Number of protein chains: 4
Amino acid sequence: MAKETSTELLGPLFASEAMAAVFSDRGRLQGMLDFELGLARAEAEIGLIPAAAVAPIAAAAEAERLDVAALAREAAEAGIPTIPLVKQLTALVAAEDPVAARFVHWGATSQDVMDTGLVLQIGKGLAVLKPELQRLSTALARLAESQSRTAMIGRTWLQHAVPVTFGLKAAGWLDALERCRLRLEEAGEAARVLQFGGAAGTLATLGARGLEVAEVLARTLDLRLPALPWHASRDRLVALAAALGLLVGALGKMARDLSLMMQVEVAEAFEPTAPGRGGSSTMPHKRNPAASAVALAAAIRVPGIVATLLAAMPQEHERGLGGWQAEWETLPKTFLLASGSLSAMTEAMEGIRLDPQRMRANIDATRGLVMAEAVMMALAEKIGRLQAHDLVEAACHRAVAEGAHLKDVLAKDRAVAAELDAGQLARLFAPEAYLGAAEGFVQRVLAAYRDKKE
Amino acid sequence: MAKETSTELLGPLFASEAMAAVFSDRGRLQGMLDFELGLARAEAEIGLIPAAAVAPIAAAAEAERLDVAALAREAAEAGIPTIPLVKQLTALVAAEDPVAARFVHWGATSQDVMDTGLVLQIGKGLAVLKPELQRLSTALARLAESQSRTAMIGRTWLQHAVPVTFGLKAAGWLDALERCRLRLEEAGEAARVLQFGGAAGTLATLGARGLEVAEVLARTLDLRLPALPWHASRDRLVALAAALGLLVGALGKMARDLSLMMQVEVAEAFEPTAPGRGGSSTMPHKRNPAASAVALAAAIRVPGIVATLLAAMPQEHERGLGGWQAEWETLPKTFLLASGSLSAMTEAMEGIRLDPQRMRANIDATRGLVMAEAVMMALAEKIGRLQAHDLVEAACHRAVAEGAHLKDVLAKDRAVAAELDAGQLARLFAPEAYLGAAEGFVQRVLAAYRDKKE
Amino acid sequence: MAKETSTELLGPLFASEAMAAVFSDRGRLQGMLDFELGLARAEAEIGLIPAAAVAPIAAAAEAERLDVAALAREAAEAGIPTIPLVKQLTALVAAEDPVAARFVHWGATSQDVMDTGLVLQIGKGLAVLKPELQRLSTALARLAESQSRTAMIGRTWLQHAVPVTFGLKAAGWLDALERCRLRLEEAGEAARVLQFGGAAGTLATLGARGLEVAEVLARTLDLRLPALPWHASRDRLVALAAALGLLVGALGKMARDLSLMMQVEVAEAFEPTAPGRGGSSTMPHKRNPAASAVALAAAIRVPGIVATLLAAMPQEHERGLGGWQAEWETLPKTFLLASGSLSAMTEAMEGIRLDPQRMRANIDATRGLVMAEAVMMALAEKIGRLQAHDLVEAACHRAVAEGAHLKDVLAKDRAVAAELDAGQLARLFAPEAYLGAAEGFVQRVLAAYRDKKE
Amino acid sequence: MAKETSTELLGPLFASEAMAAVFSDRGRLQGMLDFELGLARAEAEIGLIPAAAVAPIAAAAEAERLDVAALAREAAEAGIPTIPLVKQLTALVAAEDPVAARFVHWGATSQDVMDTGLVLQIGKGLAVLKPELQRLSTALARLAESQSRTAMIGRTWLQHAVPVTFGLKAAGWLDALERCRLRLEEAGEAARVLQFGGAAGTLATLGARGLEVAEVLARTLDLRLPALPWHASRDRLVALAAALGLLVGALGKMARDLSLMMQVEVAEAFEPTAPGRGGSSTMPHKRNPAASAVALAAAIRVPGIVATLLAAMPQEHERGLGGWQAEWETLPKTFLLASGSLSAMTEAMEGIRLDPQRMRANIDATRGLVMAEAVMMALAEKIGRLQAHDLVEAACHRAVAEGAHLKDVLAKDRAVAAELDAGQLARLFAPEAYLGAAEGFVQRVLAAYRDKKE
């Protein structure tokens, strides 16, 4: 069992397995080792270190070969894991080839190793999210299209407003998700930059050849070369965390909607069921919205994490004290939570069960009240908006007080009857006839989605 | 005096005057009135409402004409300021032209008004930031260029590391600022979208003509038309807030560096002085880094604000309960803090005073210790990195213990003397010869900056 | 109209009028003036300054007499409002009595003035909250008592669980509120300490008499004298902010529950209605939970504010740079949001409308499913808990699949029939017989509440 | 290696070993098992379940006996770890005694298990912190006492102010720490309450005996019995997290001060050194303030965590969706960070190295400027505070401009000479004579500290 907080136990609940692997101890160590190997390759390529040093370093640069417990112990002493890591790596190389061992970590500083290692992990993390984002978009596009005429009540301030369609709701989710996807791609791409500056960002240890090494190293690791090292300028990483936070927020909105629709009294949409999924230890009838719980929990957790990374930005001078260290366990959390939330919502939306009959019944539950606006607008054209509003509002109050259908109350109202006959009134109470541009909006979203895919 | 927290008193300290005007009560009301007027114009243009209704609405849609105290009172009752606003506006129009009054707010919902009004304010807020961002970049570019050879000590973990240049430090600030500027432009552009969906996002009140009105309205207000309304999908606004947060973080880093350099014992760089600026009520000699205080305070405050906006994202159904309302006073704060911090740092960097002599003296303060790495690398080529590290580290300890210059301690060390003669040692202790790629990095940043400007 | 963000317009929506007055510009200035007057009185009392200096200072120490616009302008220059405040105060006194003017602000530093002024505002803010907290507790106690037998469905993970009572729900709200009230009292009392240390916390300007002045000053202002000044040790204020944050969180929980119960499909409890309250600009039938919106918005906003104050704690040396300034507009927000949320919930709970019939109907909506646990426990005594769980779970699935009542499905099940006869089964399906300790819990809460009141 | 983020590797750096054990997976599981065993014991004691069921349950209730990997897999499916835990526990008991297995988890719900398990972990976590808090207080009290006359410059806004003593600084740290300790004890004690309510907080499964079981169970687990279950009222836990956050903030302030004093140019105080502590992978001379880095990182991280817990408070109905789940990995973090920060600062303060000569030299570094206030106050008694301020301020400017000592500039000023002779001036420039109540304040803090200890 791990020594720290319940990661092994709860980890799989809140993060996808693939993402957990990327940001595991092993993933972190391998990222740092990949940097050290890339550095040796680049320096050998330009003749700064002997070509023969590369193979022994490559052989040693495998996370499995490290003694993590010893690393952890010494990291706690040193205040940083890189120093013991370089020691262990050097020892492993030396056991094989003492000369090669001299050239391990040549010209780099601890933060070069940790930051570039993190950037390499980030690349893998983004690759994990990408196909799942596509799966969820596909599921949402299918829902938007197939349900574009499924009428349901629109709700504002948690109260019935006027009719919408389930397709419109799904299109709204899709539209937001696609923006988050694009934003994440851009922020992810921007964050994939080499960190290589040496002790204080001058690469002084490499004399006149620093920039040359940096260029080859960036190419070797398939990263972009930044204009200058960014040891204390963390905006690219924080921007990426914010993009992940936005994704988690958008997923949280889906989960909020889904879980509200899944309430027993609403019963319009349901998470898919599976044996052992969402049960209760004591209530045999329970089907909990377990996927929504994960996504909502992530949406509650991620703001504090993004705030932490923003708060850590004013890092001192060439490399900071405290701010940088505050990122080490924090930034990975944005990826882990995003993956957990995304997996949960993908599964939920791919398997969602809908009850269109119930949706229709809920529209009717208020005996015509939700069509009040439709009537008001019809009257407004004749008697003005504000007067129409007051007249219909009064009728609504009467309908509620008398338990009557709004249509019947209005039919008895002389001021209304003067403007609208029975047939006109009846037509105003058909929800399907009061969906406005809902279908048009859905098609706009789908068209934009298809454009992007191509 | 204002009724609420100390805005009039402290406002000018933490926000620029121009930005405070954009996000004042009047600015907010005018944004909403501009929406109402734009709506009337668009609906008149396509013949949905009489053309004659526009002029009376235009005449009434001036924030000065509203009774703010009454609005505030009724807003507190209604839970939203738009309803009393529409009432006052309608009454003003009605006093002039009762027929025109019928068409005020035609087909819109409260949130259409507030959101689009906010988007219009955002456009103005971005316009306020833009020239100031350019001023600060210009100041930093000038510093980077003019000081690219001014050696100073690089500091990591708040300890002396190896020499850098002040130009490199300024280039790092500039590079980060330019990224923040670009990010802000993109997020700002993305946020400049019309909100127009009616009660639940279907524009049902406009029947078949909803999309047509939306298109003309977007054009009228010079905003983009989104694929569909975004009443409960707030990611564009939150992304913009995050971009502002990142800017504030980057400015905070500048302020952190500047205030640390301005410490009496360090004394390398100073905020400009002016009568009444940064004084003390009791200590006549005091010169406080008042600009840095503003930027650091903003950097501490902005993360909580961005977190709030992220936390508010899971808004219920078609329009949310609580989450949306949480944005109303919060989003403007990101603009206000950004403007206050930006103004402070612009003034500070345009007028910064530098003391290159003191910078040089501080390099020498540790009697050669900061050149230890230079010596180690020279030895490393001969005896391996790790051995060289240990040998020089031991010499450093002796130098500290004896109060001696590191060069002298090393000169007496047989193992060192075997590899490096006195002349070689002396050259290794010249800071100017150990700046590596500093100049190259500065030029890369400046080249990128000039490219972007063109 | 105020120059900054929409405080006059939106202020009354999110804060009570009384609290807004306490934390207005005038409130802040008066707090600082009260300190200056108290200081003069204390120093005159012990003969440090002439007794004749007190009256002119008292006459000038009225917030109305200050030129706020000039203060704001100079505060922005100086980086702090106290310096221009002392200048204006001194000038006002000098106009009356030039000799007295010499003794204004004698021995104090800016932060003494601002901090003690804030502490005096805090005292008033707590006094504003106190009666309203009592009103809400009274309302909740009445609900808990009167509805202690009103059965309704308990909901967990937003799904029906087993029956509870509305009284139990109200008792839970009350219990939490009373804890928050107590916590607030303690944190409030702890925060009511004098700040008086002079430039760097030594009171050196007062020579040997510093402590003496401090003691008399504390007594004069009715504050406790701390062991030493706390210019850079802000924990008391942040603890108070956290206590307010907890209150807002507990109120948010009430609002969450209330707004969920108020959903059209649930319809168990409703905010009170009033003309102009919670309406919609476009939907005449709308009754929005406007009080819940305020409380939920506050609960979303307050965490970021508490986080900001926590983040500002590591203030440098004797008086910090940035951290202290970050508190100025932030700490008052915790009071404003707490008062707004508290007022909203007090009004809502005092006027809440309940629908016990609907509560009962919602219990029955699932055709007996929510009584599954009752049956399971009865079976468990005979066949073990886990087996009973599986057996009843299967029956639940069948009931759902067949649209049948769970009781009927179970009655047909041989394994069940072997253990429970029809009469026993019928009794197990009576919600009122399955309320366990609900009544006992309610009485425990009420007893504790009455104990505290006495 | 753990599957999730780098806990094994970085854990020991940011948390004490003892605390990591308490909040490990094993610690969490054991907490839950302790609840299950306590429940069996309590129910057996009052005869609700057979006494013979206890021993087999006791034998099985050992965390080592569980299959964590299987638990994690099923927890991810179920959305909660308790359901598979109860299954595994039941199976283990059944293998020994099938009859006893029937009574496992009798009458409890998942959240009873997790919450009470957490409360038991909290008790252990508090016990870990307690002795370390005492060690740190002892170290600070020793510093306050022994250095109560060690003069150093006081710094405000990161600039020299007037002299203080190192003892006063240490007394300020101690005073804050003692408040945090007290607050933590109270919040910790308040949080040590049983959670036991069954499915929806009524204990209905236990019929009329619910309260009786609850009372015995609370006694068995040595916890207090709350007035009613608190499944969705989380204020006690959040208050505890806030108390831990305040502690971390106060420790962060110590670290901020220490790391600033440890700057090369300031050099007044230093973290203790040890082999392998605070070194650099590339700079042999480097001694990083590694303890301060840990404490500062914790102070940056903890606000976001407390904010998350506050944001999670509005949990729905009887047991919430998302909010509760957001606590699971979050609340433990407050303990882990507090323990890491506390250990770091304890070690740093127990071994701190001071340089009183350097402290004295830094006072003198500004050639008398820091004594300006002393002169001003002496003049103020004669010519009024504001005039004295302006006169001395002008002299300060001249001193700076001419590079002269302030005393010499003042001696040449006729207006000054008219009021103060050379002897008086000289005495005003002795820092030791301008420490005001510093010694008195230190003694007050120490007296209060000793009072509490007794």
# chains A, B, ... in the order shown; residues from 1 in each chain; ligands from 1
call {"tool": "interface_residues", "arguments": {"of": "chain C", "to": "chain A", "cutoff": "8 Å", "atoms": "only C-alpha atoms", "output": "PDB file with N, CA and C atoms, in the first residue's frame"}}
result
ATOM      1  N   TRP C 157     -27.556  11.223  -2.836  1.00  0.00           N
ATOM      2  CA  TRP C 157     -27.021  11.232  -4.214  1.00  0.00           C
ATOM      3  C   TRP C 157     -28.112  11.717  -5.186  1.00  0.00           C
ATOM      4  N   LEU C 158     -28.984  12.604  -4.751  1.00  0.00           N
ATOM      5  CA  LEU C 158     -30.103  13.132  -5.551  1.00  0.00           C
ATOM      6  C   LEU C 158     -31.100  12.060  -5.980  1.00  0.00           C
ATOM      7  N   GLN C 159     -31.147  10.964  -5.274  1.00  0.00           N
ATOM      8  CA  GLN C 159     -32.112   9.900  -5.545  1.00  0.00           C
ATOM      9  C   GLN C 159     -32.906   9.607  -4.275  1.00  0.00           C
ATOM     10  N   HIS C 160     -34.125   9.108  -4.462  1.00  0.00           N
ATOM     11  CA  HIS C 160     -34.920   8.710  -3.296  1.00  0.00           C
ATOM     12  C   HIS C 160     -34.191   7.647  -2.491  1.00  0.00           C
ATOM     13  N   ALA C 161     -34.191   7.838  -1.181  1.00  0.00           N
ATOM     14  CA  ALA C 161     -33.567   6.854  -0.299  1.00  0.00           C
ATOM     15  C   ALA C 161     -34.680   6.217   0.539  1.00  0.00           C
ATOM     16  N   SER C 259     -34.267  25.088  -2.875  1.00  0.00           N
ATOM     17  CA  SER C 259     -34.493  25.270  -4.316  1.00  0.00           C
ATOM     18  C   SER C 259     -34.775  23.942  -5.003  1.00  0.00           C
ATOM     19  N   LEU C 260     -34.193  22.877  -4.498  1.00  0.00           N
ATOM     20  CA  LEU C 260     -34.497  21.561  -5.085  1.00  0.00           C
ATOM     21  C   LEU C 260     -35.928  21.137  -4.751  1.00  0.00           C
ATOM     22  N   MET C 262     -38.314  23.083  -4.342  1.00  0.00           N
ATOM     23  CA  MET C 262     -39.213  24.025  -5.004  1.00  0.00           C
ATOM     24  C   MET C 262     -39.353  23.739  -6.500  1.00  0.00           C
ATOM     25  N   GLN C 263     -38.564  22.779  -6.996  1.00  0.00           N
ATOM     26  CA  GLN C 263     -38.705  22.422  -8.413  1.00  0.00           C
ATOM     27  C   GLN C 263     -40.155  22.032  -8.705  1.00  0.00           C
ATOM     28  N   VAL C 264     -40.631  22.366  -9.888  1.00  0.00           N
ATOM     29  CA  VAL C 264     -42.028  22.100 -10.255  1.00  0.00           C
ATOM     30  C   VAL C 264     -42.394  20.639 -10.018  1.00  0.00           C
ATOM     31  N   GLU C 265     -41.532  19.731 -10.404  1.00  0.00           N
ATOM     32  CA  GLU C 265     -41.867  18.313 -10.291  1.00  0.00           C
ATOM     33  C   GLU C 265     -41.815  17.823  -8.852  1.00  0.00           C
ATOM     34  N   VAL C 266     -41.135  18.531  -7.983  1.00  0.00           N
ATOM     35  CA  VAL C 266     -41.005  18.104  -6.588  1.00  0.00           C
ATOM     36  C   VAL C 266     -42.059  18.819  -5.745  1.00  0.00           C
ATOM     37  N   THR C 282     -39.865  38.105 -18.984  1.00  0.00           N
ATOM     38  CA  THR C 282     -40.554  37.632 -20.178  1.00  0.00           C
ATOM     39  C   THR C 282     -41.560  36.517 -19.907  1.00  0.00           C
ATOM     40  N   MET C 283     -41.442  35.820 -18.757  1.00  0.00           N
ATOM     41  CA  MET C 283     -42.364  34.712 -18.497  1.00  0.00           C
ATOM     42  C   MET C 283     -43.294  35.061 -17.332  1.00  0.00           C
ATOM     43  N   PRO C 284     -44.551  35.360 -17.632  1.00  0.00           N
ATOM     44  CA  PRO C 284     -45.458  35.847 -16.589  1.00  0.00           C
ATOM     45  C   PRO C 284     -45.697  34.831 -15.479  1.00  0.00           C
ATOM     46  N   HIS C 285     -45.534  33.542 -15.759  1.00  0.00           N
ATOM     47  CA  HIS C 285     -45.853  32.530 -14.754  1.00  0.00           C
ATOM     48  C   HIS C 285     -44.702  32.285 -13.787  1.00  0.00           C
ATOM     49  N   LYS C 286     -43.548  32.871 -14.055  1.00  0.00           N
ATOM     50  CA  LYS C 286     -42.334  32.510 -13.328  1.00  0.00           C
ATOM     51  C   LYS C 286     -42.342  32.968 -11.868  1.00  0.00           C
ATOM     52  N   ARG C 287     -41.975  32.086 -10.939  1.00  0.00           N
ATOM     53  CA  ARG C 287     -41.678  32.448  -9.550  1.00  0.00           C
ATOM     54  C   ARG C 287     -40.312  31.878  -9.223  1.00  0.00           C
ATOM     55  N   ASN C 288     -39.300  32.662  -9.356  1.00  0.00           N
ATOM     56  CA  ASN C 288     -37.946  32.176  -9.139  1.00  0.00           C
ATOM     57  C   ASN C 288     -37.599  32.131  -7.656  1.00  0.00           C
ATOM     58  N   PRO C 289     -36.802  31.150  -7.259  1.00  0.00           N
ATOM     59  CA  PRO C 289     -36.316  31.111  -5.871  1.00  0.00           C
ATOM     60  C   PRO C 289     -35.219  32.154  -5.682  1.00  0.00           C
ATOM     61  N   ALA C 293     -31.191  31.898  -4.735  1.00  0.00           N
ATOM     62  CA  ALA C 293     -30.169  32.338  -5.692  1.00  0.00           C
ATOM     63  C   ALA C 293     -29.102  33.168  -4.986  1.00  0.00           C
ATOM     64  N   ALA C 311      -4.216  32.896   1.552  1.00  0.00           N
ATOM     65  CA  ALA C 311      -3.030  33.027   0.703  1.00  0.00           C
ATOM     66  C   ALA C 311      -2.216  34.269   1.067  1.00  0.00           C
ATOM     67  N   ASN C 362     -44.882  12.141  -3.037  1.00  0.00           N
ATOM     68  CA  ASN C 362     -43.559  11.837  -3.597  1.00  0.00           C
ATOM     69  C   ASN C 362     -42.963  10.573  -2.988  1.00  0.00           C
ATOM     70  N   ALA C 365     -44.297   7.801  -4.968  1.00  0.00           N
ATOM     71  CA  ALA C 365     -44.126   7.872  -6.426  1.00  0.00           C
ATOM     72  C   ALA C 365     -43.423   6.661  -7.013  1.00  0.00           C
ATOM     73  N   THR C 366     -42.620   5.998  -6.213  1.00  0.00           N
ATOM     74  CA  THR C 366     -41.850   4.873  -6.768  1.00  0.00           C
ATOM     75  C   THR C 366     -42.499   3.527  -6.475  1.00  0.00           C
ATOM     76  N   LEU C 369     -40.721   1.315  -3.792  1.00  0.00           N
ATOM     77  CA  LEU C 369     -39.273   1.048  -3.858  1.00  0.00           C
ATOM     78  C   LEU C 369     -38.524   1.603  -2.656  1.00  0.00           C
ATOM     79  N   VAL C 370     -38.949   2.781  -2.202  1.00  0.00           N
ATOM     80  CA  VAL C 370     -38.197   3.413  -1.117  1.00  0.00           C
ATOM     81  C   VAL C 370     -38.369   2.676   0.212  1.00  0.00           C
ATOM     82  N   ALA C 372     -37.807  -0.531   0.300  1.00  0.00           N
ATOM     83  CA  ALA C 372     -37.038  -1.763   0.086  1.00  0.00           C
ATOM     84  C   ALA C 372     -36.124  -2.058   1.269  1.00  0.00           C
ATOM     85  N   GLU C 373     -35.497  -1.019   1.804  1.00  0.00           N
ATOM     86  CA  GLU C 373     -34.585  -1.250   2.916  1.00  0.00           C
ATOM     87  C   GLU C 373     -35.330  -1.815   4.118  1.00  0.00           C
ATOM     88  N   MET C 376     -35.777  -5.330   3.494  1.00  0.00           N
ATOM     89  CA  MET C 376     -34.478  -6.015   3.568  1.00  0.00           C
ATOM     90  C   MET C 376     -34.070  -6.255   5.015  1.00  0.00           C
ATOM     91  N   HIS C 389     -30.214  -8.339   1.019  1.00  0.00           N
ATOM     92  CA  HIS C 389     -29.969  -7.237   0.096  1.00  0.00           C
ATOM     93  C   HIS C 389     -30.143  -7.706  -1.350  1.00  0.00           C
ATOM     94  N   ASP C 390     -29.540  -8.832  -1.687  1.00  0.00           N
ATOM     95  CA  ASP C 390     -29.584  -9.314  -3.066  1.00  0.00           C
ATOM     96  C   ASP C 390     -30.999  -9.712  -3.464  1.00  0.00           C
ATOM     97  N   VAL C 392     -33.883  -8.597  -2.242  1.00  0.00           N
ATOM     98  CA  VAL C 392     -34.765  -7.435  -2.404  1.00  0.00           C
ATOM     99  C   VAL C 392     -34.356  -6.622  -3.621  1.00  0.00           C
ATOM    100  N   GLU C 393     -33.054  -6.555  -3.863  1.00  0.00           N
ATOM    101  CA  GLU C 393     -32.589  -5.815  -5.041  1.00  0.00           C
ATOM    102  C   GLU C 393     -33.182  -6.428  -6.306  1.00  0.00           C
ATOM    103  N   CYS C 396     -36.706  -5.433  -6.629  1.00  0.00           N
ATOM    104  CA  CYS C 396     -36.804  -4.040  -7.079  1.00  0.00           C
ATOM    105  C   CYS C 396     -36.700  -3.983  -8.600  1.00  0.00           C
ATOM    106  N   HIS C 397     -35.728  -4.683  -9.145  1.00  0.00           N
ATOM    107  CA  HIS C 397     -35.555  -4.689 -10.597  1.00  0.00           C
ATOM    108  C   HIS C 397     -36.818  -5.172 -11.282  1.00  0.00           C
TER     109      HIS C 397
END
call {"tool": "residues_around", "arguments": {"residues": "Ala447 in chain D", "least_positions_apart": "4", "cutoff": "12 Å", "atoms": "only C-alpha atoms", "output": "short mmCIF file (atom, residue, chain, number, x, y, z; two decimals) with N, CA, C and O atoms, in the first residue's frame"}}
result
data_model
loop_
_atom_site.label_atom_id
_atom_site.label_comp_id
_atom_site.auth_asym_id
_atom_site.auth_seq_id
_atom_site.Cartn_x
_atom_site.Cartn_y
_atom_site.Cartn_z
N ALA C 227 -1.17 40.44 23.24
CA ALA C 227 0.15 40.32 23.84
C ALA C 227 1.15 41.21 23.14
O ALA C 227 2.04 41.80 23.76
N LEU C 228 1.02 41.30 21.82
CA LEU C 228 1.90 42.20 21.06
C LEU C 228 1.20 42.57 19.77
O LEU C 228 0.20 41.94 19.39
N ALA D 141 9.88 29.94 21.80
CA ALA D 141 9.94 30.60 23.10
C ALA D 141 11.40 30.82 23.51
O ALA D 141 11.78 31.86 24.05
N ALA D 144 12.71 33.68 21.48
CA ALA D 144 12.15 34.96 21.92
C ALA D 144 12.86 35.43 23.18
O ALA D 144 13.21 36.61 23.33
N GLU D 145 13.07 34.49 24.07
CA GLU D 145 13.68 34.85 25.34
C GLU D 145 15.16 35.20 25.18
O GLU D 145 15.62 36.25 25.64
N ALA D 171 8.82 36.21 19.05
CA ALA D 171 7.63 36.27 19.91
C ALA D 171 6.36 36.39 19.07
O ALA D 171 5.32 35.79 19.38
N LEU D 174 5.63 33.00 17.72
CA LEU D 174 5.13 32.14 18.79
C LEU D 174 3.68 32.46 19.14
O LEU D 174 2.84 31.56 19.28
N ASP D 175 3.41 33.74 19.25
CA ASP D 175 2.07 34.18 19.62
C ASP D 175 1.04 33.65 18.60
O ASP D 175 -0.01 33.11 18.97
N GLY D 440 8.96 44.52 26.56
CA GLY D 440 7.69 44.29 27.25
C GLY D 440 6.78 43.37 26.46
O GLY D 440 6.14 42.47 27.01
N PHE D 441 6.73 43.58 25.16
CA PHE D 441 5.89 42.72 24.32
C PHE D 441 6.38 41.27 24.38
O PHE D 441 5.59 40.33 24.48
N VAL D 442 7.68 41.09 24.29
CA VAL D 442 8.23 39.72 24.36
C VAL D 442 7.83 39.07 25.67
O VAL D 442 7.37 37.91 25.69
N GLN D 443 7.95 39.80 26.74
CA GLN D 443 7.64 39.22 28.05
C GLN D 443 6.15 38.88 28.17
O GLN D 443 5.77 37.88 28.77
N ASP D 451 1.67 30.47 30.87
CA ASP D 451 0.35 30.27 31.48
C ASP D 451 -0.38 29.10 30.84
O ASP D 451 -0.96 28.25 31.50
N LYS D 452 -0.37 29.10 29.51
CA LYS D 452 -1.08 28.06 28.78
C LYS D 452 -0.49 26.68 29.05
O LYS D 452 -1.21 25.70 29.15
N LYS D 453 0.84 26.64 29.14
CA LYS D 453 1.49 25.36 29.33
C LYS D 453 1.12 24.73 30.66
O LYS D 453 1.07 23.52 30.80
N GLU D 454 0.90 25.61 31.65
CA GLU D 454 0.64 25.05 32.98
C GLU D 454 -0.76 24.48 33.12
O GLU D 454 -1.61 24.68 32.29
#
call {"tool": "residues_around", "arguments": {"residues": "Pro98 in chain B", "least_positions_apart": "4", "cutoff": "12 Å", "atoms": "only C-alpha atoms", "output": "short mmCIF file (atom, residue, chain, number, x, y, z; two decimals) with N, CA and C atoms, in the first residue's frame"}}
result
data_model
loop_
_atom_site.label_atom_id
_atom_site.label_comp_id
_atom_site.auth_asym_id
_atom_site.auth_seq_id
_atom_site.Cartn_x
_atom_site.Cartn_y
_atom_site.Cartn_z
N ILE A 383 -51.39 44.70 -27.68
CA ILE A 383 -51.60 45.66 -26.58
C ILE A 383 -50.30 46.11 -25.91
N GLY A 384 -49.17 45.72 -26.45
CA GLY A 384 -47.88 46.13 -25.86
C GLY A 384 -47.36 45.07 -24.90
N ARG A 385 -46.02 45.03 -24.81
CA ARG A 385 -45.38 43.95 -24.08
C ARG A 385 -45.67 43.98 -22.58
N LEU A 386 -45.56 45.16 -21.98
CA LEU A 386 -45.64 45.24 -20.54
C LEU A 386 -47.07 44.98 -20.06
N GLN A 387 -48.04 45.52 -20.80
CA GLN A 387 -49.44 45.28 -20.44
C GLN A 387 -49.79 43.81 -20.59
N ALA B 52 -40.49 53.51 -36.45
CA ALA B 52 -40.68 54.71 -35.64
C ALA B 52 -40.41 54.46 -34.15
N ALA B 53 -40.32 53.20 -33.77
CA ALA B 53 -40.07 52.91 -32.35
C ALA B 53 -38.62 53.15 -31.97
N PRO B 56 -37.46 56.93 -30.24
CA PRO B 56 -37.78 57.14 -28.82
C PRO B 56 -37.00 56.21 -27.90
N ILE B 57 -36.75 55.00 -28.36
CA ILE B 57 -35.96 54.08 -27.52
C ILE B 57 -34.52 54.60 -27.43
N LEU B 89 -36.96 51.79 -18.42
CA LEU B 89 -36.74 52.13 -19.82
C LEU B 89 -38.08 52.26 -20.54
N THR B 90 -38.95 51.30 -20.31
CA THR B 90 -40.26 51.33 -20.95
C THR B 90 -41.02 52.60 -20.54
N ALA B 91 -40.93 52.95 -19.26
CA ALA B 91 -41.64 54.14 -18.80
C ALA B 91 -41.08 55.40 -19.45
N LEU B 92 -39.75 55.45 -19.58
CA LEU B 92 -39.14 56.61 -20.22
C LEU B 92 -39.58 56.73 -21.68
N VAL B 93 -39.61 55.59 -22.37
CA VAL B 93 -40.04 55.60 -23.77
C VAL B 93 -41.51 55.97 -23.85
N ALA B 94 -42.30 55.40 -22.95
CA ALA B 94 -43.74 55.63 -22.97
C ALA B 94 -44.08 57.11 -22.76
N ARG B 102 -44.30 49.86 -26.45
CA ARG B 102 -44.74 48.46 -26.56
C ARG B 102 -43.64 47.53 -27.05
N PHE B 103 -42.65 48.09 -27.74
CA PHE B 103 -41.67 47.24 -28.41
C PHE B 103 -40.32 47.18 -27.72
N VAL B 104 -40.29 47.78 -26.54
CA VAL B 104 -39.05 47.70 -25.76
C VAL B 104 -38.81 46.26 -25.32
#
